[in-house]
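*Asks:* So here's my_file00.pdb (PDB, C-alpha atoms).
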```pdb
ATOM      1  CA  MET X   1      26.795  -5.115 -12.217
ATOM      2  CA  GLU X   2      25.133  -1.749 -12.192
ATOM      3  CA  ILE X   3      21.666  -1.162 -10.795
ATOM      4  CA  THR X   4      19.592   0.501 -13.503
ATOM      5  CA  THR X   5      16.036   1.809 -13.403
ATOM      6  CA  GLY X   6      14.755  -1.503 -14.712
ATOM      7  CA  TRP X   7      15.767  -3.248 -11.495
ATOM      8  CA  TYR X   8      13.706  -0.857  -9.417
ATOM      9  CA  LEU X   9      10.770  -1.215 -11.791
ATOM     10  CA  VAL X  10      10.915  -5.009 -11.577
ATOM     11  CA  LEU X  11      11.037  -4.822  -7.774
ATOM     12  CA  GLY X  12       8.045  -2.469  -7.789
ATOM     13  CA  ALA X  13       6.158  -4.802 -10.123
ATOM     14  CA  LEU X  14       6.939  -7.774  -7.879
ATOM     15  CA  LEU X  15       5.651  -5.942  -4.804
ATOM     16  CA  PHE X  16       2.519  -4.848  -6.684
ATOM     17  CA  ILE X  17       1.782  -8.368  -7.854
ATOM     18  CA  ILE X  18       2.462  -9.986  -4.489
ATOM     19  CA  GLY X  19       0.036  -7.481  -2.985
ATOM     20  CA  GLY X  20      -2.559  -8.126  -5.682
ATOM     21  CA  THR X  21      -2.299 -11.870  -5.243
ATOM     22  CA  GLY X  22      -2.682 -11.495  -1.497
ATOM     23  CA  LEU X  23      -5.760  -9.345  -2.064
ATOM     24  CA  LEU X  24      -7.253 -12.188  -4.096
ATOM     25  CA  ILE X  25      -6.411 -15.136  -1.839
ATOM     26  CA  ARG X  26      -6.765 -13.723   1.677
ATOM     27  CA  ARG X  27     -10.151 -13.567   3.392
ATOM     28  CA  ASN X  28      -9.339 -11.420   6.424
ATOM     29  CA  PRO X  29     -10.345  -7.816   5.590
ATOM     30  CA  LEU X  30      -7.453  -6.404   7.651
ATOM     31  CA  VAL X  31      -4.874  -8.443   5.750
ATOM     32  CA  MET X  32      -6.541  -7.408   2.497
ATOM     33  CA  LEU X  33      -6.026  -3.756   3.438
ATOM     34  CA  MET X  34      -2.363  -4.496   4.166
ATOM     35  CA  CYS X  35      -2.058  -6.038   0.697
ATOM     36  CA  VAL X  36      -3.420  -2.800  -0.775
ATOM     37  CA  GLU X  37      -0.632  -0.981   1.071
ATOM     38  CA  LEU X  38       1.884  -3.333  -0.531
ATOM     39  CA  MET X  39       0.521  -2.513  -3.973
ATOM     40  CA  LEU X  40       0.720   1.222  -3.292
ATOM     41  CA  ASN X  41       4.312   0.851  -2.139
ATOM     42  CA  GLY X  42       5.275  -0.978  -5.314
ATOM     43  CA  VAL X  43       3.886   1.923  -7.313
ATOM     44  CA  ASN X  44       5.674   4.451  -5.095
ATOM     45  CA  LEU X  45       8.979   2.727  -5.759
ATOM     46  CA  SER X  46       8.386   2.955  -9.514
ATOM     47  CA  PHE X  47       7.545   6.656  -9.219
ATOM     48  CA  VAL X  48      10.746   7.406  -7.332
ATOM     49  CA  ALA X  49      12.794   5.358  -9.803
ATOM     50  CA  PHE X  50      11.349   7.329 -12.727
ATOM     51  CA  SER X  51      11.844  10.592 -10.851
ATOM     52  CA  ARG X  52      15.528   9.737 -10.523
ATOM     53  CA  THR X  53      15.925   8.578 -14.102
ATOM     54  CA  LEU X  54      14.077  11.432 -15.742
ATOM     55  CA  ASN X  55      15.581  13.990 -13.342
ATOM     56  CA  ASP X  56      12.149  15.349 -12.469
ATOM     57  CA  ILE X  57      10.853  16.156  -8.988
ATOM     58  CA  GLY X  58       7.264  15.474 -10.109
ATOM     59  CA  GLY X  59       7.595  11.761  -9.413
ATOM     60  CA  GLN X  60       8.434  12.389  -5.790
ATOM     61  CA  THR X  61       5.536  14.835  -5.469
ATOM     62  CA  VAL X  62       3.150  12.160  -6.714
ATOM     63  CA  VAL X  63       4.515   9.761  -4.085
ATOM     64  CA  PHE X  64       3.562  12.384  -1.515
ATOM     65  CA  PHE X  65      -0.028  12.371  -2.743
ATOM     66  CA  VAL X  66      -0.097   8.578  -2.757
ATOM     67  CA  LEU X  67       0.935   8.644   0.903
ATOM     68  CA  VAL X  68      -1.935  10.983   1.769
ATOM     69  CA  VAL X  69      -4.476   8.918  -0.156
ATOM     70  CA  ALA X  70      -3.155   5.732   1.479
ATOM     71  CA  ALA X  71      -3.634   7.273   4.913
ATOM     72  CA  ALA X  72      -7.196   8.316   4.079
ATOM     73  CA  GLU X  73      -7.927   4.886   2.621
ATOM     74  CA  VAL X  74      -6.668   3.129   5.752
ATOM     75  CA  VAL X  75      -8.752   5.364   8.003
ATOM     76  CA  VAL X  76     -11.969   4.716   6.084
ATOM     77  CA  GLY X  77     -11.181   1.033   5.508
ATOM     78  CA  LEU X  78     -10.446   0.335   9.153
ATOM     79  CA  GLY X  79     -13.583   2.255  10.113
ATOM     80  CA  LEU X  80     -15.603  -0.015   7.858
ATOM     81  CA  VAL X  81     -13.884  -3.129   9.238
ATOM     82  CA  VAL X  82     -14.571  -2.069  12.828
ATOM     83  CA  ALA X  83     -18.214  -1.303  12.017
ATOM     84  CA  ILE X  84     -18.680  -4.661  10.278
ATOM     85  CA  LEU X  85     -16.852  -6.832  12.786
ATOM     86  CA  ARG X  86     -18.653  -5.205  15.705
ATOM     87  CA  ARG X  87     -21.968  -6.335  14.257
ATOM     88  CA  GLN X  88     -20.772  -9.661  12.877
ATOM     89  CA  PRO X  89     -17.725 -10.949  14.805
ATOM     90  CA  GLY X  90     -15.282 -13.037  12.841
ATOM     91  CA  ALA X  91     -16.668 -11.966   9.484
ATOM     92  CA  THR X  92     -14.486 -12.577   6.457
ATOM     93  CA  ALA X  93     -14.717 -10.998   3.040
ATOM     94  CA  ASP X  94     -16.900 -13.888   1.905
ATOM     95  CA  ASP X  95     -19.484 -13.129   4.597
ATOM     96  CA  LEU X  96     -19.974  -9.592   3.372
ATOM     97  CA  SER X  97     -22.162 -10.484   0.423
ATOM     98  CA  LEU X  98     -25.313  -9.064   1.975
ATOM     99  CA  LEU X  99     -26.046  -6.838  -0.993
ATOM    100  CA  LYS X 100     -25.831  -9.747  -3.393
ATOM    101  CA  GLY X 101     -29.612  -9.942  -3.697
TER     102      GLY X 101
ATOM    103  CA  MET O 102      29.414  -2.133  -5.971
ATOM    104  CA  VAL O 103      27.979  -0.757  -2.731
ATOM    105  CA  ASP O 104      24.884   0.367  -4.626
ATOM    106  CA  THR O 105      24.339  -3.126  -5.946
ATOM    107  CA  LEU O 106      24.742  -4.648  -2.513
ATOM    108  CA  VAL O 107      22.354  -2.131  -0.922
ATOM    109  CA  PHE O 108      19.773  -2.719  -3.641
ATOM    110  CA  LEU O 109      19.953  -6.497  -3.360
ATOM    111  CA  VAL O 110      19.746  -6.587   0.433
ATOM    112  CA  ALA O 111      16.884  -4.071   0.530
ATOM    113  CA  ALA O 112      15.058  -5.906  -2.267
ATOM    114  CA  LEU O 113      15.408  -9.177  -0.363
ATOM    115  CA  ILE O 114      14.009  -7.507   2.759
ATOM    116  CA  CYS O 115      11.105  -6.033   0.747
ATOM    117  CA  LEU O 116      10.171  -9.291  -0.945
ATOM    118  CA  THR O 117      10.493 -11.370   2.232
ATOM    119  CA  GLY O 118       8.235  -8.931   4.036
ATOM    120  CA  ALA O 119       5.723  -8.855   1.188
ATOM    121  CA  LEU O 120       5.508 -12.648   1.061
ATOM    122  CA  GLY O 121       5.198 -12.656   4.839
ATOM    123  CA  VAL O 122       2.225 -10.275   4.694
ATOM    124  CA  VAL O 123       0.428 -12.560   2.271
ATOM    125  CA  LEU O 124       1.363 -15.915   3.781
ATOM    126  CA  ALA O 125       1.334 -15.280   7.536
ATOM    127  CA  ARG O 126      -1.665 -16.878   9.185
ATOM    128  CA  ASN O 127      -1.768 -14.458  12.068
ATOM    129  CA  PRO O 128      -2.760 -10.846  11.184
ATOM    130  CA  VAL O 129      -0.289  -9.465  13.762
ATOM    131  CA  HIS O 130       2.557 -11.217  11.960
ATOM    132  CA  SER O 131       1.272  -9.765   8.684
ATOM    133  CA  ALA O 132       1.398  -6.255  10.142
ATOM    134  CA  LEU O 133       4.952  -6.743  11.427
ATOM    135  CA  MET O 134       6.047  -8.117   8.055
ATOM    136  CA  LEU O 135       4.507  -5.020   6.478
ATOM    137  CA  VAL O 136       6.819  -2.884   8.641
ATOM    138  CA  MET O 137       9.765  -4.864   7.273
ATOM    139  CA  THR O 138       8.706  -4.188   3.681
ATOM    140  CA  LEU O 139       8.198  -0.498   4.404
ATOM    141  CA  PHE O 140      11.700  -0.193   5.852
ATOM    142  CA  GLY O 141      13.108  -1.921   2.780
ATOM    143  CA  ILE O 142      11.296   0.569   0.563
ATOM    144  CA  ALA O 143      12.664   3.432   2.673
ATOM    145  CA  VAL O 144      16.187   2.101   2.057
ATOM    146  CA  GLN O 145      15.471   2.050  -1.679
ATOM    147  CA  PHE O 146      14.283   5.656  -1.464
ATOM    148  CA  VAL O 147      17.536   6.674   0.227
ATOM    149  CA  ALA O 148      19.496   4.814  -2.432
ATOM    150  CA  GLN O 149      17.741   6.966  -5.037
ATOM    151  CA  GLU O 150      18.398  10.176  -3.096
ATOM    152  CA  ALA O 151      14.779  10.715  -2.099
ATOM    153  CA  HIS O 152      15.831  11.298   1.493
ATOM    154  CA  PHE O 153      12.792  13.260   2.583
ATOM    155  CA  LEU O 154      10.403  10.664   1.186
ATOM    156  CA  ALA O 155      12.319   7.941   3.029
ATOM    157  CA  ALA O 156      11.835   9.804   6.301
ATOM    158  CA  VAL O 157       8.145  10.386   5.556
ATOM    159  CA  GLN O 158       7.766   6.740   4.600
ATOM    160  CA  VAL O 159       9.080   5.573   7.971
ATOM    161  CA  ILE O 160       7.155   8.177   9.973
ATOM    162  CA  VAL O 161       3.796   7.940   8.216
ATOM    163  CA  TYR O 162       3.681   4.295   7.157
ATOM    164  CA  ALA O 163       5.626   2.458   9.837
ATOM    165  CA  GLY O 164       4.809   4.989  12.515
ATOM    166  CA  ALA O 165       1.150   5.723  11.911
ATOM    167  CA  ILE O 166      -0.517   3.347   9.486
ATOM    168  CA  VAL O 167       0.888   0.076  10.812
ATOM    169  CA  VAL O 168       0.244   1.184  14.390
ATOM    170  CA  LEU O 169      -3.351   1.865  13.347
ATOM    171  CA  PHE O 170      -3.547  -1.644  11.874
ATOM    172  CA  LEU O 171      -2.154  -3.223  15.048
ATOM    173  CA  PHE O 172      -4.499  -1.127  17.160
ATOM    174  CA  VAL O 173      -7.550  -2.329  15.231
ATOM    175  CA  ILE O 174      -6.337  -5.953  15.288
ATOM    176  CA  MET O 175      -6.000  -5.824  19.068
ATOM    177  CA  LEU O 176      -9.253  -3.880  19.474
ATOM    178  CA  LEU O 177     -11.246  -6.450  17.550
ATOM    179  CA  GLY O 178      -9.366  -9.435  18.925
ATOM    180  CA  VAL O 179      -8.952 -11.014  15.513
ATOM    181  CA  ASP O 180      -5.345 -11.971  16.179
ATOM    182  CA  ARG O 181      -5.994 -15.667  15.858
ATOM    183  CA  ALA O 182      -4.699 -17.762  13.024
ATOM    184  CA  GLN O 183      -6.727 -18.058   9.858
ATOM    185  CA  ASN O 184      -6.910 -21.202   7.823
ATOM    186  CA  LEU O 185      -5.482 -20.279   4.443
ATOM    187  CA  GLU O 186      -7.074 -23.289   2.796
ATOM    188  CA  MET O 187     -10.612 -22.101   3.453
ATOM    189  CA  SER O 188     -11.831 -20.498   0.295
ATOM    190  CA  PHE O 189     -15.186 -19.461  -1.042
ATOM    191  CA  LEU O 190     -14.490 -20.383  -4.622
ATOM    192  CA  PRO O 191     -12.551 -23.590  -5.194
ATOM    193  CA  ILE O 192     -10.654 -22.197  -8.166
ATOM    194  CA  GLN O 193      -9.885 -18.874  -6.489
ATOM    195  CA  LYS O 194      -6.327 -19.745  -5.487
ATOM    196  CA  TRP O 195      -5.404 -21.021  -8.929
ATOM    197  CA  ALA O 196      -7.040 -18.052 -10.602
ATOM    198  CA  ALA O 197      -5.017 -15.758  -8.330
ATOM    199  CA  LEU O 198      -1.790 -17.577  -9.172
ATOM    200  CA  LEU O 199      -2.607 -17.363 -12.867
ATOM    201  CA  PHE O 200      -3.243 -13.630 -12.486
ATOM    202  CA  ALA O 201       0.041 -13.198 -10.640
ATOM    203  CA  THR O 202       2.258 -15.049 -13.108
ATOM    204  CA  GLY O 203       0.487 -13.578 -16.123
ATOM    205  CA  SER O 204       0.662  -9.963 -15.032
ATOM    206  CA  LEU O 205       4.236 -10.362 -13.790
ATOM    207  CA  ALA O 206       5.266 -11.793 -17.159
ATOM    208  CA  ILE O 207       3.593  -8.906 -18.990
ATOM    209  CA  VAL O 208       5.156  -6.210 -16.795
ATOM    210  CA  VAL O 209       8.665  -7.692 -16.867
ATOM    211  CA  ALA O 210       8.438  -8.208 -20.623
ATOM    212  CA  LEU O 211       7.432  -4.563 -21.051
ATOM    213  CA  ILE O 212      10.312  -3.359 -18.876
ATOM    214  CA  VAL O 213      12.799  -5.509 -20.778
ATOM    215  CA  VAL O 214      11.450  -4.484 -24.193
ATOM    216  CA  VAL O 215      11.323  -0.761 -23.436
ATOM    217  CA  GLY O 216      14.719  -0.816 -21.766
ATOM    218  CA  GLU O 217      16.147   2.380 -20.361
ATOM    219  CA  PRO O 218      13.350   4.954 -20.494
ATOM    220  CA  VAL O 219      15.643   8.006 -20.630
ATOM    221  CA  THR O 220      14.299  10.296 -23.306
ATOM    222  CA  GLY O 221      16.565  13.272 -22.768
ATOM    223  CA  ALA O 222      13.538  15.538 -22.374
ATOM    224  CA  GLU O 223      13.682  18.512 -20.053
ATOM    225  CA  ALA O 224      12.023  18.082 -16.678
ATOM    226  CA  MET O 225       8.651  19.797 -16.510
ATOM    227  CA  GLY O 226       8.374  19.998 -12.746
ATOM    228  CA  GLY O 227      11.921  21.056 -11.918
ATOM    229  CA  ALA O 228      15.080  19.000 -12.030
ATOM    230  CA  LEU O 229      16.435  17.125  -9.065
ATOM    231  CA  GLY O 230      19.223  19.101  -7.472
ATOM    232  CA  GLY O 231      21.504  16.914  -5.421
ATOM    233  CA  THR O 232      20.791  16.999  -1.714
ATOM    234  CA  ASP O 233      18.133  19.655  -1.094
ATOM    235  CA  ASP O 234      15.198  17.570  -2.178
ATOM    236  CA  VAL O 235      12.993  19.051   0.563
ATOM    237  CA  ARG O 236      13.155  22.496  -1.025
ATOM    238  CA  LEU O 237      12.427  21.133  -4.496
ATOM    239  CA  LEU O 238       9.569  19.018  -3.231
ATOM    240  CA  ALA O 239       8.035  21.944  -1.352
ATOM    241  CA  ARG O 240       8.312  24.232  -4.361
ATOM    242  CA  SER O 241       6.720  21.631  -6.605
ATOM    243  CA  LEU O 242       3.993  20.859  -4.070
ATOM    244  CA  PHE O 243       2.995  24.468  -3.445
ATOM    245  CA  SER O 244       3.256  25.743  -7.009
ATOM    246  CA  ASP O 245       2.572  23.174  -9.710
ATOM    247  CA  TYR O 246       0.482  20.842  -7.582
ATOM    248  CA  VAL O 247      -1.185  23.340  -5.271
ATOM    249  CA  TYR O 248      -4.740  22.500  -6.344
ATOM    250  CA  ALA O 249      -4.095  18.790  -5.856
ATOM    251  CA  PHE O 250      -2.613  19.637  -2.466
ATOM    252  CA  GLU O 251      -5.743  21.509  -1.424
ATOM    253  CA  LEU O 252      -7.895  18.654  -2.679
ATOM    254  CA  THR O 253      -5.978  16.166  -0.547
ATOM    255  CA  SER O 254      -6.718  18.287   2.516
ATOM    256  CA  LEU O 255     -10.391  18.077   1.595
ATOM    257  CA  LEU O 256     -10.003  14.313   1.149
ATOM    258  CA  LEU O 257      -8.502  13.958   4.615
ATOM    259  CA  VAL O 258     -11.338  15.933   6.190
ATOM    260  CA  ILE O 259     -13.882  13.734   4.407
ATOM    261  CA  ALA O 260     -12.028  10.594   5.528
ATOM    262  CA  VAL O 261     -11.981  11.709   9.174
ATOM    263  CA  ILE O 262     -15.689  12.603   9.145
ATOM    264  CA  GLY O 263     -16.503   9.329   7.379
ATOM    265  CA  ALA O 264     -14.548   7.290   9.917
ATOM    266  CA  VAL O 265     -16.316   9.016  12.821
ATOM    267  CA  VAL O 266     -19.736   8.448  11.258
ATOM    268  CA  LEU O 267     -18.943   4.802  10.474
ATOM    269  CA  VAL O 268     -17.641   3.801  13.890
ATOM    270  CA  ARG O 269     -20.129   5.799  15.981
ATOM    271  CA  LYS O 270     -22.655   3.681  17.813
ATOM    272  CA  PRO O 271     -26.179   4.580  16.644
ATOM    273  CA  LYS O 272     -28.386   6.138  19.316
ATOM    274  CA  VAL O 273     -31.668   4.912  17.870
ATOM    275  CA  THR O 274     -31.473   1.237  17.044
ATOM    276  CA  ASP O 275     -32.598   0.390  13.578
ATOM    277  CA  PRO O 276     -35.601  -1.988  13.796
ATOM    278  CA  ILE O 277     -34.546  -3.836  10.660
ATOM    279  CA  THR O 278     -31.091  -4.825  11.831
ATOM    280  CA  ALA O 279     -31.517  -4.754  15.622
ATOM    281  CA  GLY O 280     -33.874  -7.717  15.771
ATOM    282  CA  ASP O 281     -31.567 -10.575  14.912
ATOM    283  CA  GLY O 282     -28.289  -8.837  15.716
ATOM    284  CA  GLY O 283     -27.410  -8.286  12.110
ATOM    285  CA  ALA O 284     -28.302 -10.417   9.157
ATOM    286  CA  LYS O 285     -26.497 -13.676   8.768
TER     287      LYS O 285
END
```
Go ahead and render the structure in this file as structure tokens.
*Replies:*
Amino acid sequence: MEITTGWYLVLGALLFIIGGTGLLIRRNPLVMLMCVELMLNGVNLSFVAFSRTLNDIGGQTVVFFVLVVAAAEVVVGLGLVVAILRRQPGATADDLSLLKG
Amino acid sequence: MVDTLVFLVAALICLTGALGVVLARNPVHSALMLVMTLFGIAVQFVAQEAHFLAAVQVIVYAGAIVVLFLFVIMLLGVDRAQNLEMSFLPIQKWAALLFATGSLAIVVALIVVVGEPVTGAEAMGGALGGTDDVRLLARSLFSDYVYAFELTSLLLVIAVIGAVVLVRKPKVTDPITAGDGGAK
């Protein structure tokens, strides 16, 4: 059995969907951020698989940018979580509906 | 044969870690499971000869981002178990499962239908050249993608300033929110 690009794409899709499902069912904002990381990693795996298949370095360059954006996202997201939980200890995503009107 | 074995073991590690992130009740366990997934992904990168990205993956993700997560978990003291059954919307879990199975079916069907996506087209951004992927990546990053590269530096500066502004304790207490210690 040979491992083709499709296998990597299916693995990336599985990681993306596990992350997306976790984002929907978990209430802890920290775990939700981790699920976003899972989704980004699924996409990264697909990019590298296509880079290998199409023999193009561009896919790997895009993974580099995804890494940078993920780092920025984690910094801002954790800043928000710290700011919220300092004011409202034990808050979950459901408690953050203050702007609902 | 070895490739197949490496792929299967690394995929198993990735999926176990991903399920662990979602299903673990304790956020610390979720963070450690995330490390496991990231290492599995790094192995997949090595298997596809993206050696530099594998190193960056371990250093940046497992070394910096997960440590940041663990630091915030310990700082806030939210490392107690969460009841997974508690949900705001009663149908939320089933809707999430429906989303998961539906989108997975669509994606896998697309991959199977399209098959091998090799078009035979010439690479626009430079072909992969065996082992010196660092040189190729650097050339691509600083020539074709140089504007995007500069923009990411701007993004990082904005993120750092935003994080400082968000976490800073306000000197003058806001009369609207200071009264009851934050709205319930």
*Asks:* Please evaluate the PyMOL selection byres ((chain O and resi 121) around 12) against the displayed coordinates and give the resulting residues as a ChimeraX atom specification.
*Replies:* /X:15,18-19,22,31,34-35,38 /O:113-120,122-138
*Asks:* Please produce an output containing C-alpha atoms for each residue in the selection, written as a PDB file, keeping the file's coordinate frame.
*Replies:*
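This went into selection-v9.pdb:
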```pdb
ATOM      1  CA  LEU X  15       5.651  -5.942  -4.804  1.00  0.00           C
ATOM      2  CA  ILE X  18       2.462  -9.986  -4.489  1.00  0.00           C
ATOM      3  CA  GLY X  19       0.036  -7.481  -2.985  1.00  0.00           C
ATOM      4  CA  GLY X  22      -2.682 -11.495  -1.497  1.00  0.00           C
ATOM      5  CA  VAL X  31      -4.874  -8.443   5.750  1.00  0.00           C
ATOM      6  CA  MET X  34      -2.363  -4.496   4.166  1.00  0.00           C
ATOM      7  CA  CYS X  35      -2.058  -6.038   0.697  1.00  0.00           C
ATOM      8  CA  LEU X  38       1.884  -3.333  -0.531  1.00  0.00           C
TER       9      LEU X  38
ATOM     10  CA  LEU O 113      15.408  -9.177  -0.363  1.00  0.00           C
ATOM     11  CA  ILE O 114      14.009  -7.507   2.759  1.00  0.00           C
ATOM     12  CA  CYS O 115      11.105  -6.033   0.747  1.00  0.00           C
ATOM     13  CA  LEU O 116      10.171  -9.291  -0.945  1.00  0.00           C
ATOM     14  CA  THR O 117      10.493 -11.370   2.232  1.00  0.00           C
ATOM     15  CA  GLY O 118       8.235  -8.931   4.036  1.00  0.00           C
ATOM     16  CA  ALA O 119       5.723  -8.855   1.188  1.00  0.00           C
ATOM     17  CA  LEU O 120       5.508 -12.648   1.061  1.00  0.00           C
ATOM     18  CA  VAL O 122       2.225 -10.275   4.694  1.00  0.00           C
ATOM     19  CA  VAL O 123       0.428 -12.560   2.271  1.00  0.00           C
ATOM     20  CA  LEU O 124       1.363 -15.915   3.781  1.00  0.00           C
ATOM     21  CA  ALA O 125       1.334 -15.280   7.536  1.00  0.00           C
ATOM     22  CA  ARG O 126      -1.665 -16.878   9.185  1.00  0.00           C
ATOM     23  CA  ASN O 127      -1.768 -14.458  12.068  1.00  0.00           C
ATOM     24  CA  PRO O 128      -2.760 -10.846  11.184  1.00  0.00           C
ATOM     25  CA  VAL O 129      -0.289  -9.465  13.762  1.00  0.00           C
ATOM     26  CA  HIS O 130       2.557 -11.217  11.960  1.00  0.00           C
ATOM     27  CA  SER O 131       1.272  -9.765   8.684  1.00  0.00           C
ATOM     28  CA  ALA O 132       1.398  -6.255  10.142  1.00  0.00           C
ATOM     29  CA  LEU O 133       4.952  -6.743  11.427  1.00  0.00           C
ATOM     30  CA  MET O 134       6.047  -8.117   8.055  1.00  0.00           C
ATOM     31  CA  LEU O 135       4.507  -5.020   6.478  1.00  0.00           C
ATOM     32  CA  VAL O 136       6.819  -2.884   8.641  1.00  0.00           C
ATOM     33  CA  MET O 137       9.765  -4.864   7.273  1.00  0.00           C
ATOM     34  CA  THR O 138       8.706  -4.188   3.681  1.00  0.00           C
TER      35      THR O 138
END
```
*Asks:* Choose the residue, out of O:Tyr248, O:Ile192, O:Ala156, O:Val208, that has the smallest atom-to-atom separation from chain X; count all atoms listed in the file.
*Replies:* O:Val208
*Asks:* Please build the interface table for chain X against chain O with a cut-off of 6 Å, listing for each qualifying residue the nearest atom pair and the distance in Å to one decimal; count only C-alpha atoms, order rows by chain and increasing number, and write it as a tab-separated table.
*Replies:*
```
residue	atom	partner	partner_atom	distance
X:Ile3	CA	O:Thr105	CA	5.9
X:Ile17	CA	O:Ala201	CA	5.8
X:Thr21	CA	O:Ala197	CA	5.7
X:Gly22	CA	O:Val123	CA	5.0
X:Leu24	CA	O:Ala197	CA	6.0
X:Ile25	CA	O:Lys194	CA	5.9
X:Asn55	CA	O:Ala228	CA	5.2
X:Asp56	CA	O:Ala228	CA	4.7
X:Ile57	CA	O:Leu229	CA	5.7
X:Gly58	CA	O:Gly226	CA	5.4
X:Ala72	CA	O:Ala260	CA	5.5
X:Val76	CA	O:Ala264	CA	5.3
X:Gly79	CA	O:Ala264	CA	5.1
X:Ala83	CA	O:Val268	CA	5.5
```
*Asks:* Can you report as lines of an AutoDock Vina configuration file the centre and edge lengths in Å, to one decimal, of an axis-aligned box around the listed atoms of stretch 68-79 of chain X padded with 3 Å on each side?
*Replies:*
```
center_x = -7.8
center_y = 5.7
center_z = 5.0
size_x = 17.6
size_y = 16.6
size_z = 16.3
```
*Asks:* Take atom CA of X:Thr5 and atom CA of X:Ser46 and report the distance between them in Å, one decimal.
*Replies:*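 Between these atoms lies a distance of 8.7 Å.
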*Asks:* Could you state the separation of atom CA of X:Val63 and atom CA of X:Val10 in Å, given to one decimal place?
*Replies:*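 That distance, rounded to one decimal, is 17.8 Å.
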*Asks:* By how many Å are atom CA of X:Leu30 and atom CA of X:Gly77 apart?
*Replies:*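 It comes out at 8.6 Å.
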*Asks:* Check the smallest atom-to-atom distance from each of O:Val214, O:Val235, O:Leu255, O:Ile207 to X:Ala13 using all atoms listed in the file, then report the winner.
*Replies:*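 Comparing O:Val214, O:Val235, O:Leu255, O:Ile207 against X:Ala13, the winner is O:Ile207.
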*Asks:* Can you spell out as JSON, numbers by chain the set of residues that the PyMOL selection byres ((chain X and resi 86-94) around 6) selects in the structure I just provided?
*Replies:* {"X": [27, 28, 29, 82, 83, 84, 85, 95, 96]}
